[in-house]
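Raw contents of run_8.pdb, PDB, C-alpha atoms, pLDDT in the B column:
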```
ATOM      1  CA  MET W 263      58.688 -19.722  35.727  1.00 81.00           C
ATOM      2  CA  HIS W 264      58.479 -23.486  36.104  1.00 95.00           C
ATOM      3  CA  ARG W 265      61.419 -25.566  34.890  1.00 97.00           C
ATOM      4  CA  LEU W 266      61.040 -29.280  34.277  1.00 98.00           C
ATOM      5  CA  TYR W 267      64.028 -31.592  34.001  1.00 98.00           C
ATOM      6  CA  HIS W 268      62.808 -34.459  31.851  1.00 98.00           C
ATOM      7  CA  MET W 269      63.416 -37.125  29.220  1.00 96.00           C
ATOM      8  CA  PRO W 270      61.171 -37.014  26.125  1.00 97.00           C
ATOM      9  CA  LEU W 271      60.248 -40.710  26.304  1.00 97.00           C
ATOM     10  CA  SER W 272      59.875 -40.976  30.069  1.00 97.00           C
ATOM     11  CA  PRO W 273      56.222 -41.727  30.871  1.00 98.00           C
ATOM     12  CA  PHE W 274      56.571 -40.097  34.281  1.00 98.00           C
ATOM     13  CA  CYS W 275      57.912 -36.897  32.730  1.00 98.00           C
ATOM     14  CA  ARG W 276      55.152 -36.960  30.151  1.00 98.00           C
ATOM     15  CA  LYS W 277      52.521 -37.269  32.868  1.00 98.00           C
ATOM     16  CA  VAL W 278      53.810 -34.083  34.480  1.00 98.00           C
ATOM     17  CA  ARG W 279      54.027 -32.311  31.111  1.00 98.00           C
ATOM     18  CA  LEU W 280      50.432 -33.251  30.290  1.00 98.00           C
ATOM     19  CA  VAL W 281      49.146 -31.906  33.593  1.00 98.00           C
ATOM     20  CA  LEU W 282      51.144 -28.680  33.187  1.00 98.00           C
ATOM     21  CA  ALA W 283      49.728 -28.234  29.681  1.00 98.00           C
ATOM     22  CA  GLU W 284      46.170 -29.079  30.704  1.00 98.00           C
ATOM     23  CA  LYS W 285      46.392 -26.424  33.407  1.00 98.00           C
ATOM     24  CA  ARG W 286      48.046 -24.018  30.937  1.00 98.00           C
ATOM     25  CA  ILE W 287      51.117 -23.536  33.081  1.00 97.00           C
ATOM     26  CA  ASP W 288      54.155 -22.324  31.159  1.00 96.00           C
ATOM     27  CA  VAL W 289      57.231 -24.457  31.671  1.00 97.00           C
ATOM     28  CA  ASP W 290      60.826 -24.427  30.522  1.00 97.00           C
ATOM     29  CA  LEU W 291      61.845 -27.945  29.482  1.00 97.00           C
ATOM     30  CA  VAL W 292      65.392 -29.094  30.187  1.00 97.00           C
ATOM     31  CA  GLU W 293      66.333 -32.487  28.784  1.00 96.00           C
ATOM     32  CA  GLU W 294      68.250 -34.572  31.307  1.00 96.00           C
ATOM     33  CA  ARG W 295      69.982 -37.921  30.831  1.00 93.00           C
ATOM     34  CA  PRO W 296      69.999 -39.426  34.331  1.00 92.00           C
ATOM     35  CA  TRP W 297      72.693 -42.003  33.537  1.00 90.00           C
ATOM     36  CA  GLU W 298      75.176 -39.149  33.014  1.00 93.00           C
ATOM     37  CA  GLU W 299      74.842 -38.332  36.754  1.00 93.00           C
ATOM     38  CA  ARG W 300      75.447 -34.598  36.387  1.00 95.00           C
ATOM     39  CA  LEU W 301      76.464 -33.126  39.714  1.00 96.00           C
ATOM     40  CA  ASP W 302      74.215 -30.073  39.338  1.00 95.00           C
ATOM     41  CA  PHE W 303      71.243 -32.339  38.690  1.00 95.00           C
ATOM     42  CA  LEU W 304      72.083 -34.609  41.634  1.00 95.00           C
ATOM     43  CA  ARG W 305      72.054 -31.544  43.850  1.00 94.00           C
ATOM     44  CA  LEU W 306      68.433 -31.010  42.809  1.00 93.00           C
ATOM     45  CA  ASN W 307      67.466 -34.646  43.260  1.00 95.00           C
ATOM     46  CA  PRO W 308      69.982 -36.963  44.960  1.00 95.00           C
ATOM     47  CA  SER W 309      68.091 -40.010  43.637  1.00 94.00           C
ATOM     48  CA  GLY W 310      69.142 -38.940  40.144  1.00 95.00           C
ATOM     49  CA  THR W 311      65.741 -39.604  38.578  1.00 96.00           C
ATOM     50  CA  VAL W 312      63.461 -37.516  36.386  1.00 98.00           C
ATOM     51  CA  PRO W 313      61.122 -35.690  36.442  1.00 98.00           C
ATOM     52  CA  VAL W 314      62.205 -32.822  38.646  1.00 98.00           C
ATOM     53  CA  LEU W 315      60.177 -29.606  38.722  1.00 98.00           C
ATOM     54  CA  ARG W 316      61.753 -26.359  39.880  1.00 96.00           C
ATOM     55  CA  THR W 317      59.124 -23.889  41.022  1.00 92.00           C
ATOM     56  CA  ASP W 318      58.698 -21.327  43.792  1.00 82.00           C
ATOM     57  CA  ASN W 319      62.213 -22.016  45.098  1.00 86.00           C
ATOM     58  CA  LEU W 320      61.316 -25.697  45.388  1.00 93.00           C
ATOM     59  CA  ALA W 321      62.798 -28.724  43.652  1.00 95.00           C
ATOM     60  CA  LEU W 322      60.045 -31.338  43.466  1.00 97.00           C
ATOM     61  CA  SER W 323      60.650 -34.940  42.418  1.00 96.00           C
ATOM     62  CA  ASP W 324      58.395 -37.993  41.908  1.00 96.00           C
ATOM     63  CA  SER W 325      55.698 -37.546  39.296  1.00 98.00           C
ATOM     64  CA  ASN W 326      52.780 -38.141  41.672  1.00 97.00           C
ATOM     65  CA  ALA W 327      54.111 -35.672  44.224  1.00 96.00           C
ATOM     66  CA  ILE W 328      54.530 -33.130  41.422  1.00 98.00           C
ATOM     67  CA  VAL W 329      51.087 -33.518  39.851  1.00 98.00           C
ATOM     68  CA  GLU W 330      49.304 -33.425  43.209  1.00 96.00           C
ATOM     69  CA  TYR W 331      51.274 -30.293  44.098  1.00 97.00           C
ATOM     70  CA  LEU W 332      50.185 -28.750  40.789  1.00 97.00           C
ATOM     71  CA  GLU W 333      46.585 -29.786  41.450  1.00 98.00           C
ATOM     72  CA  GLU W 334      46.589 -27.997  44.797  1.00 97.00           C
ATOM     73  CA  ALA W 335      48.556 -24.961  43.635  1.00 96.00           C
ATOM     74  CA  HIS W 336      46.560 -24.592  40.398  1.00 97.00           C
ATOM     75  CA  PRO W 337      43.134 -26.121  41.047  1.00 97.00           C
ATOM     76  CA  ALA W 338      41.611 -25.186  37.672  1.00 97.00           C
ATOM     77  CA  PRO W 339      40.852 -27.201  35.695  1.00 98.00           C
ATOM     78  CA  GLN W 340      40.134 -29.740  38.388  1.00 98.00           C
ATOM     79  CA  LEU W 341      41.821 -33.104  37.798  1.00 98.00           C
ATOM     80  CA  MET W 342      40.991 -34.724  41.137  1.00 98.00           C
ATOM     81  CA  PRO W 343      37.344 -35.441  42.037  1.00 97.00           C
ATOM     82  CA  THR W 344      35.792 -33.920  45.146  1.00 96.00           C
ATOM     83  CA  ASP W 345      34.243 -37.193  46.369  1.00 97.00           C
ATOM     84  CA  ILE W 346      36.630 -39.109  48.627  1.00 98.00           C
ATOM     85  CA  ARG W 347      35.793 -42.456  47.011  1.00 98.00           C
ATOM     86  CA  ASP W 348      36.407 -41.095  43.531  1.00 98.00           C
ATOM     87  CA  ARG W 349      39.729 -39.628  44.672  1.00 97.00           C
ATOM     88  CA  ALA W 350      40.740 -43.048  45.971  1.00 98.00           C
ATOM     89  CA  GLU W 351      39.935 -44.562  42.571  1.00 98.00           C
ATOM     90  CA  VAL W 352      42.127 -42.000  40.829  1.00 98.00           C
ATOM     91  CA  ARG W 353      45.010 -42.816  43.147  1.00 98.00           C
ATOM     92  CA  ARG W 354      44.455 -46.557  42.676  1.00 98.00           C
ATOM     93  CA  LEU W 355      44.690 -46.188  38.917  1.00 98.00           C
ATOM     94  CA  ASN W 356      47.709 -43.906  39.167  1.00 98.00           C
ATOM     95  CA  ALA W 357      49.453 -46.654  41.113  1.00 98.00           C
ATOM     96  CA  TRP W 358      48.250 -49.263  38.601  1.00 98.00           C
ATOM     97  CA  PHE W 359      49.878 -47.508  35.660  1.00 98.00           C
ATOM     98  CA  ASP W 360      52.930 -46.146  37.476  1.00 98.00           C
ATOM     99  CA  ASP W 361      53.737 -49.496  39.077  1.00 98.00           C
ATOM    100  CA  LYS W 362      52.043 -52.556  37.548  1.00 98.00           C
ATOM    101  CA  PHE W 363      51.772 -51.354  33.956  1.00 98.00           C
ATOM    102  CA  HIS W 364      55.199 -49.736  33.987  1.00 98.00           C
ATOM    103  CA  ARG W 365      56.853 -52.845  35.467  1.00 98.00           C
ATOM    104  CA  GLU W 366      55.075 -55.362  33.235  1.00 98.00           C
ATOM    105  CA  VAL W 367      54.963 -53.424  29.978  1.00 98.00           C
ATOM    106  CA  THR W 368      56.950 -50.189  29.681  1.00 98.00           C
ATOM    107  CA  THR W 369      60.129 -51.525  31.281  1.00 98.00           C
ATOM    108  CA  ASN W 370      60.058 -54.604  29.054  1.00 98.00           C
ATOM    109  CA  LEU W 371      59.340 -52.771  25.816  1.00 98.00           C
ATOM    110  CA  LEU W 372      60.504 -49.154  25.879  1.00 97.00           C
ATOM    111  CA  TYR W 373      63.489 -49.642  28.161  1.00 96.00           C
ATOM    112  CA  GLU W 374      64.727 -52.667  26.245  1.00 96.00           C
ATOM    113  CA  ARG W 375      64.241 -51.132  22.797  1.00 96.00           C
ATOM    114  CA  VAL W 376      65.170 -47.503  23.501  1.00 96.00           C
ATOM    115  CA  ASN W 377      66.747 -46.766  26.888  1.00 91.00           C
ATOM    116  CA  LYS W 378      69.406 -49.464  26.598  1.00 93.00           C
ATOM    117  CA  ARG W 379      70.505 -48.027  23.285  1.00 92.00           C
ATOM    118  CA  LEU W 380      70.502 -44.427  24.459  1.00 91.00           C
ATOM    119  CA  SER W 381      72.477 -45.233  27.602  1.00 90.00           C
ATOM    120  CA  LYS W 382      74.741 -47.757  25.811  1.00 88.00           C
ATOM    121  CA  GLN W 383      73.812 -50.566  28.199  1.00 89.00           C
ATOM    122  CA  GLY W 384      73.782 -53.411  25.711  1.00 90.00           C
ATOM    123  CA  TYR W 385      71.263 -55.128  23.478  1.00 92.00           C
ATOM    124  CA  PRO W 386      67.528 -55.718  24.030  1.00 94.00           C
ATOM    125  CA  ASP W 387      66.529 -58.851  25.901  1.00 97.00           C
ATOM    126  CA  SER W 388      64.144 -60.739  23.600  1.00 97.00           C
ATOM    127  CA  GLU W 389      62.478 -62.578  26.489  1.00 98.00           C
ATOM    128  CA  LYS W 390      61.609 -59.305  28.205  1.00 98.00           C
ATOM    129  CA  ILE W 391      60.207 -57.926  24.959  1.00 98.00           C
ATOM    130  CA  LYS W 392      58.025 -61.018  24.568  1.00 98.00           C
ATOM    131  CA  ALA W 393      56.787 -60.618  28.150  1.00 98.00           C
ATOM    132  CA  GLY W 394      55.930 -56.946  27.572  1.00 98.00           C
ATOM    133  CA  ALA W 395      54.116 -57.692  24.319  1.00 98.00           C
ATOM    134  CA  LYS W 396      52.012 -60.314  26.114  1.00 98.00           C
ATOM    135  CA  ALA W 397      51.269 -58.134  29.160  1.00 98.00           C
ATOM    136  CA  ILE W 398      50.086 -55.110  27.183  1.00 98.00           C
ATOM    137  CA  LYS W 399      47.197 -57.152  25.774  1.00 98.00           C
ATOM    138  CA  PHE W 400      45.822 -57.664  29.282  1.00 98.00           C
ATOM    139  CA  HIS W 401      46.144 -53.970  30.090  1.00 98.00           C
ATOM    140  CA  LEU W 402      44.374 -52.888  26.889  1.00 98.00           C
ATOM    141  CA  ASP W 403      41.513 -55.232  27.749  1.00 98.00           C
ATOM    142  CA  TYR W 404      41.427 -53.916  31.317  1.00 98.00           C
ATOM    143  CA  ILE W 405      41.110 -50.344  30.075  1.00 98.00           C
ATOM    144  CA  GLY W 406      38.370 -51.445  27.699  1.00 98.00           C
ATOM    145  CA  TRP W 407      36.528 -53.067  30.591  1.00 98.00           C
ATOM    146  CA  LEU W 408      36.798 -49.921  32.731  1.00 98.00           C
ATOM    147  CA  LEU W 409      35.384 -47.835  29.909  1.00 98.00           C
ATOM    148  CA  GLU W 410      32.321 -50.007  29.412  1.00 98.00           C
ATOM    149  CA  ASP W 411      30.429 -47.857  31.929  1.00 96.00           C
ATOM    150  CA  ARG W 412      32.720 -44.814  32.342  1.00 97.00           C
ATOM    151  CA  ARG W 413      33.489 -41.858  30.099  1.00 98.00           C
ATOM    152  CA  TRP W 414      37.048 -41.669  31.454  1.00 98.00           C
ATOM    153  CA  LEU W 415      39.190 -44.198  33.300  1.00 98.00           C
ATOM    154  CA  ALA W 416      38.283 -43.215  36.870  1.00 98.00           C
ATOM    155  CA  GLY W 417      34.714 -42.067  36.216  1.00 97.00           C
ATOM    156  CA  ASN W 418      32.827 -39.565  34.128  1.00 96.00           C
ATOM    157  CA  THR W 419      35.356 -36.731  34.314  1.00 98.00           C
ATOM    158  CA  LEU W 420      38.933 -36.401  33.088  1.00 98.00           C
ATOM    159  CA  THR W 421      41.387 -36.950  35.963  1.00 98.00           C
ATOM    160  CA  LEU W 422      45.039 -37.471  36.757  1.00 98.00           C
ATOM    161  CA  ALA W 423      44.461 -41.187  36.170  1.00 98.00           C
ATOM    162  CA  ASP W 424      43.859 -40.586  32.469  1.00 98.00           C
ATOM    163  CA  PHE W 425      47.110 -38.686  32.132  1.00 98.00           C
ATOM    164  CA  ALA W 426      49.031 -41.365  34.054  1.00 98.00           C
ATOM    165  CA  ALA W 427      47.748 -44.006  31.643  1.00 98.00           C
ATOM    166  CA  ALA W 428      48.094 -41.873  28.508  1.00 98.00           C
ATOM    167  CA  ALA W 429      51.694 -41.043  29.376  1.00 98.00           C
ATOM    168  CA  GLN W 430      52.590 -44.742  29.514  1.00 98.00           C
ATOM    169  CA  PHE W 431      50.740 -45.572  26.319  1.00 98.00           C
ATOM    170  CA  SER W 432      52.122 -42.579  24.428  1.00 98.00           C
ATOM    171  CA  VAL W 433      55.755 -43.660  24.810  1.00 98.00           C
ATOM    172  CA  LEU W 434      54.844 -47.166  23.654  1.00 98.00           C
ATOM    173  CA  ASP W 435      52.853 -45.774  20.756  1.00 98.00           C
ATOM    174  CA  TYR W 436      55.969 -43.820  19.739  1.00 98.00           C
ATOM    175  CA  ILE W 437      57.777 -47.130  19.187  1.00 98.00           C
ATOM    176  CA  ASN W 438      54.674 -48.712  17.607  1.00 98.00           C
ATOM    177  CA  ASP W 439      54.150 -51.276  20.372  1.00 98.00           C
ATOM    178  CA  VAL W 440      50.410 -50.754  20.931  1.00 98.00           C
ATOM    179  CA  ASP W 441      47.877 -52.825  18.997  1.00 98.00           C
ATOM    180  CA  TRP W 442      45.010 -50.353  19.076  1.00 97.00           C
ATOM    181  CA  ALA W 443      42.833 -52.698  17.030  1.00 97.00           C
ATOM    182  CA  ARG W 444      42.677 -55.075  19.980  1.00 98.00           C
ATOM    183  CA  ASN W 445      40.150 -53.051  21.995  1.00 98.00           C
ATOM    184  CA  GLU W 446      37.833 -50.413  20.551  1.00 98.00           C
ATOM    185  CA  ASN W 447      37.070 -48.780  23.899  1.00 98.00           C
ATOM    186  CA  ALA W 448      40.763 -48.329  24.674  1.00 98.00           C
ATOM    187  CA  ARG W 449      41.419 -46.973  21.195  1.00 98.00           C
ATOM    188  CA  ASP W 450      38.571 -44.463  21.413  1.00 98.00           C
ATOM    189  CA  TRP W 451      39.756 -43.303  24.844  1.00 98.00           C
ATOM    190  CA  TYR W 452      43.303 -42.729  23.634  1.00 98.00           C
ATOM    191  CA  GLN W 453      42.127 -40.956  20.502  1.00 97.00           C
ATOM    192  CA  LYS W 454      39.979 -38.674  22.661  1.00 97.00           C
ATOM    193  CA  ILE W 455      42.747 -37.784  25.083  1.00 98.00           C
ATOM    194  CA  LYS W 456      45.499 -37.351  22.503  1.00 97.00           C
ATOM    195  CA  SER W 457      43.241 -34.898  20.652  1.00 97.00           C
ATOM    196  CA  ARG W 458      43.373 -32.508  23.598  1.00 98.00           C
ATOM    197  CA  PRO W 459      45.587 -29.406  23.235  1.00 97.00           C
ATOM    198  CA  ALA W 460      47.644 -30.646  26.192  1.00 98.00           C
ATOM    199  CA  PHE W 461      48.990 -33.438  24.001  1.00 98.00           C
ATOM    200  CA  ARG W 462      50.427 -31.206  21.263  1.00 97.00           C
ATOM    201  CA  SER W 463      53.946 -30.869  22.631  1.00 96.00           C
ATOM    202  CA  ILE W 464      54.053 -34.583  23.448  1.00 96.00           C
ATOM    203  CA  LEU W 465      53.143 -35.541  19.891  1.00 97.00           C
ATOM    204  CA  ALA W 466      55.834 -33.202  18.561  1.00 96.00           C
ATOM    205  CA  ASP W 467      58.620 -35.020  20.430  1.00 95.00           C
ATOM    206  CA  LEU W 468      61.310 -36.616  18.295  1.00 94.00           C
ATOM    207  CA  VAL W 469      64.118 -38.769  19.645  1.00 94.00           C
ATOM    208  CA  THR W 470      67.237 -39.114  17.503  1.00 92.00           C
ATOM    209  CA  GLY W 471      67.523 -42.598  16.081  1.00 93.00           C
ATOM    210  CA  PHE W 472      63.877 -43.473  16.646  1.00 96.00           C
ATOM    211  CA  THR W 473      61.118 -42.486  14.210  1.00 96.00           C
ATOM    212  CA  PRO W 474      57.490 -42.828  15.354  1.00 97.00           C
ATOM    213  CA  PRO W 475      54.867 -44.498  13.131  1.00 97.00           C
ATOM    214  CA  GLU W 476      52.676 -42.301  10.934  1.00 94.00           C
ATOM    215  CA  HIS W 477      49.641 -42.710  13.175  1.00 96.00           C
ATOM    216  CA  TYR W 478      51.518 -41.484  16.265  1.00 97.00           C
ATOM    217  CA  ALA W 479      50.671 -37.785  15.770  1.00 95.00           C
ATOM    218  CA  ASP W 480      47.502 -38.419  13.726  1.00 95.00           C
ATOM    219  CA  LEU W 481      44.553 -37.294  15.854  1.00 91.00           C
ATOM    220  CA  ASP W 482      42.257 -39.558  13.846  1.00 87.00           C
ATOM    221  CA  PHE W 483      44.654 -42.516  14.003  1.00 84.00           C
TER     222      PHE W 483
END
```
Take the structure in the file and give it back as structure tokens.
Amino acid sequence: MHRLYHMPLSPFCRKVRLVLAEKRIDVDLVEERPWEERLDFLRLNPSGTVPVLRTDNLALSDSNAIVEYLEEAHPAPQLMPTDIRDRAEVRRLNAWFDDKFHREVTTNLLYERVNKRLSKQGYPDSEKIKAGAKAIKFHLDYIGWLLEDRRWLAGNTLTLADFAAAAQFSVLDYINDVDWARNENARDWYQKIKSRPAFRSILADLVTGFTPPEHYADLDF
């Protein structure tokens, strides 16, 4: 049995959950609040961050390390291309969404609106929220540009890059911070990926004190 220590609105946890679901790997979800610094959890991961996957007597941390482990341990369905250049593009986009997008958008929107409240760290910073709202427009347009000649973000097949991006967008969609009308290509891509069975548990998430918009779990927007 796989056990995943996670937070419902962590994009990195959601990325791992999506890959587990896409590969039809059963997992026991354990909600963890990292700011509580539970000793038992710190023994699993001294950095105190989620996600952490317990499997085969291993405790794996870092979402990219986890999903690449899952890809090698459970190669079907394949989520990394066989061509070395295509694999590099997947990893480039993973880094784009895990680093650039997360730093410019998710941290400024989700963390200010939700995480501060949950961890009782004060009030949202309006300047950071403004910066996140501005930055997400660029990223929506960038996705739309990628999809002008690709079926999926990294090429013509579904890959880990799509789940990395969808995980970030899904947490922002939960708090209604994505203007899907801005870019039709980006909207169509997200509608296509959130309609996959792997997304069902994600769309069922509810966080106390925060109610998602009606379209959040609507497969047809």
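Matched in the shown structure by the PyMOL selection byres ((chain W and resi 307-322) around 9): Met263, His264, Arg265, Leu266, Tyr267, His268, Met269, Ser272, Phe274, Cys275, Arg276, Val278, Glu294, Arg295, Pro296, Trp297, Glu299, Arg300, Phe303, Leu304, Arg305, Leu306, Ser323, Asp324, Ser325, Ala327, Ile328 and Tyr331 of chain W.
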May I have the residues from that selection written out with C-alpha atoms, as a short mmCIF file (atom, residue, chain, number, x, y, z; two decimals), keeping the file's coordinate frame?
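Below you can see result-v6.cif, which holds the result:
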```cif
data_model
loop_
_atom_site.label_atom_id
_atom_site.label_comp_id
_atom_site.auth_asym_id
_atom_site.auth_seq_id
_atom_site.Cartn_x
_atom_site.Cartn_y
_atom_site.Cartn_z
CA MET W 263 58.69 -19.72 35.73
CA HIS W 264 58.48 -23.49 36.10
CA ARG W 265 61.42 -25.57 34.89
CA LEU W 266 61.04 -29.28 34.28
CA TYR W 267 64.03 -31.59 34.00
CA HIS W 268 62.81 -34.46 31.85
CA MET W 269 63.42 -37.12 29.22
CA SER W 272 59.88 -40.98 30.07
CA PHE W 274 56.57 -40.10 34.28
CA CYS W 275 57.91 -36.90 32.73
CA ARG W 276 55.15 -36.96 30.15
CA VAL W 278 53.81 -34.08 34.48
CA GLU W 294 68.25 -34.57 31.31
CA ARG W 295 69.98 -37.92 30.83
CA PRO W 296 70.00 -39.43 34.33
CA TRP W 297 72.69 -42.00 33.54
CA GLU W 299 74.84 -38.33 36.75
CA ARG W 300 75.45 -34.60 36.39
CA PHE W 303 71.24 -32.34 38.69
CA LEU W 304 72.08 -34.61 41.63
CA ARG W 305 72.05 -31.54 43.85
CA LEU W 306 68.43 -31.01 42.81
CA SER W 323 60.65 -34.94 42.42
CA ASP W 324 58.40 -37.99 41.91
CA SER W 325 55.70 -37.55 39.30
CA ALA W 327 54.11 -35.67 44.22
CA ILE W 328 54.53 -33.13 41.42
CA TYR W 331 51.27 -30.29 44.10
#
```
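Picked by the PyMOL selection byres ((chain W and resi 285) around 9) from the coordinates shown: W:Leu280, W:Val281, W:Leu282, W:Ala283, W:Glu284, W:Arg286, W:Ile287, W:Leu332, W:Glu333, W:His336, W:Pro337, W:Ala338, W:Pro339, W:Gln340, W:Ala460.
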Show me, as an MDAnalysis selection string, the residues that have an atom within 12 Å of Thr369 (chain W) when counting only C-alpha atoms, minus same-chain residues fewer than 2 positions from it. chainID W and resid 271:273 359:367 371:378 386:387 390:395 397:398 430 433:434
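Comparing W:Glu476, W:Asp439, W:Asp482, W:Asp302 by their smallest distance to Tyr452 (chain W), the closest is W:Asp482 (using only C-alpha atoms).
All residues of protein, DNA or RNA that reach within 9 Å of Leu465 (chain W), judged by only C-alpha atoms and not counting those fewer than 3 positions away in the chain, are Ser432, Tyr436, Lys456, Phe461, Arg462, Leu468, Tyr478, Ala479 and Asp480 of chain W.
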Keeping C-alpha atoms for every residue in the selection just given, could you write it to a file as an mmCIF file, in the frame of the given file?
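To be explicit, this is the file written out as selection_28.cif:
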```
data_model
loop_
_atom_site.group_PDB
_atom_site.id
_atom_site.type_symbol
_atom_site.label_atom_id
_atom_site.label_comp_id
_atom_site.auth_asym_id
_atom_site.auth_seq_id
_atom_site.Cartn_x
_atom_site.Cartn_y
_atom_site.Cartn_z
ATOM 1 C CA SER W 432 52.122 -42.579 24.428
ATOM 2 C CA TYR W 436 55.969 -43.820 19.739
ATOM 3 C CA LYS W 456 45.499 -37.351 22.503
ATOM 4 C CA PHE W 461 48.990 -33.438 24.001
ATOM 5 C CA ARG W 462 50.427 -31.206 21.263
ATOM 6 C CA LEU W 468 61.310 -36.616 18.295
ATOM 7 C CA TYR W 478 51.518 -41.484 16.265
ATOM 8 C CA ALA W 479 50.671 -37.785 15.770
ATOM 9 C CA ASP W 480 47.502 -38.419 13.726
#
```
Give me the residues within 12 Å of Arg413 (chain W) as an MDAnalysis selection string, counting all atoms listed in the file and dropping any in the same chain fewer than 4 places off. chainID W and resid 405:409 417:421 424 447:448 450:452 454:455
C-alpha atoms of the current selection, written as a short mmCIF file (atom, residue, chain, number, x, y, z; two decimals), in the coordinates of the input:
```cif
data_model
loop_
_atom_site.label_atom_id
_atom_site.label_comp_id
_atom_site.auth_asym_id
_atom_site.auth_seq_id
_atom_site.Cartn_x
_atom_site.Cartn_y
_atom_site.Cartn_z
CA ILE W 405 41.11 -50.34 30.08
CA GLY W 406 38.37 -51.44 27.70
CA TRP W 407 36.53 -53.07 30.59
CA LEU W 408 36.80 -49.92 32.73
CA LEU W 409 35.38 -47.84 29.91
CA GLY W 417 34.71 -42.07 36.22
CA ASN W 418 32.83 -39.56 34.13
CA THR W 419 35.36 -36.73 34.31
CA LEU W 420 38.93 -36.40 33.09
CA THR W 421 41.39 -36.95 35.96
CA ASP W 424 43.86 -40.59 32.47
CA ASN W 447 37.07 -48.78 23.90
CA ALA W 448 40.76 -48.33 24.67
CA ASP W 450 38.57 -44.46 21.41
CA TRP W 451 39.76 -43.30 24.84
CA TYR W 452 43.30 -42.73 23.63
CA LYS W 454 39.98 -38.67 22.66
CA ILE W 455 42.75 -37.78 25.08
#
```
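The gap separating CA of Ala429 (chain W) from CA of Leu291 (chain W) is 16.6 Å, in Å to one decimal.
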Choose the residue, out of W:Asn370, W:Asn445, W:Asn356, W:Gln383, that has the smallest atom-to-atom separation from Ala428 (chain W); count only C-alpha atoms. W:Asn356
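Across the chains present, the PyMOL selection byres ((chain W and resi 348-354) around 10) applied to this file returns W:Asn326, W:Leu341, W:Met342, W:Pro343, W:Thr344, W:Asp345, W:Ile346, W:Arg347, W:Leu355, W:Asn356, W:Ala357, W:Trp358, W:Phe359, W:Asp360, W:Leu415, W:Ala416, W:Gly417, W:Thr421, W:Leu422, W:Ala423, W:Asp424, W:Ala426.
In this structure, CA of Ala427 (chain W) sits 20.8 Å away from CA of Glu334 (chain W).
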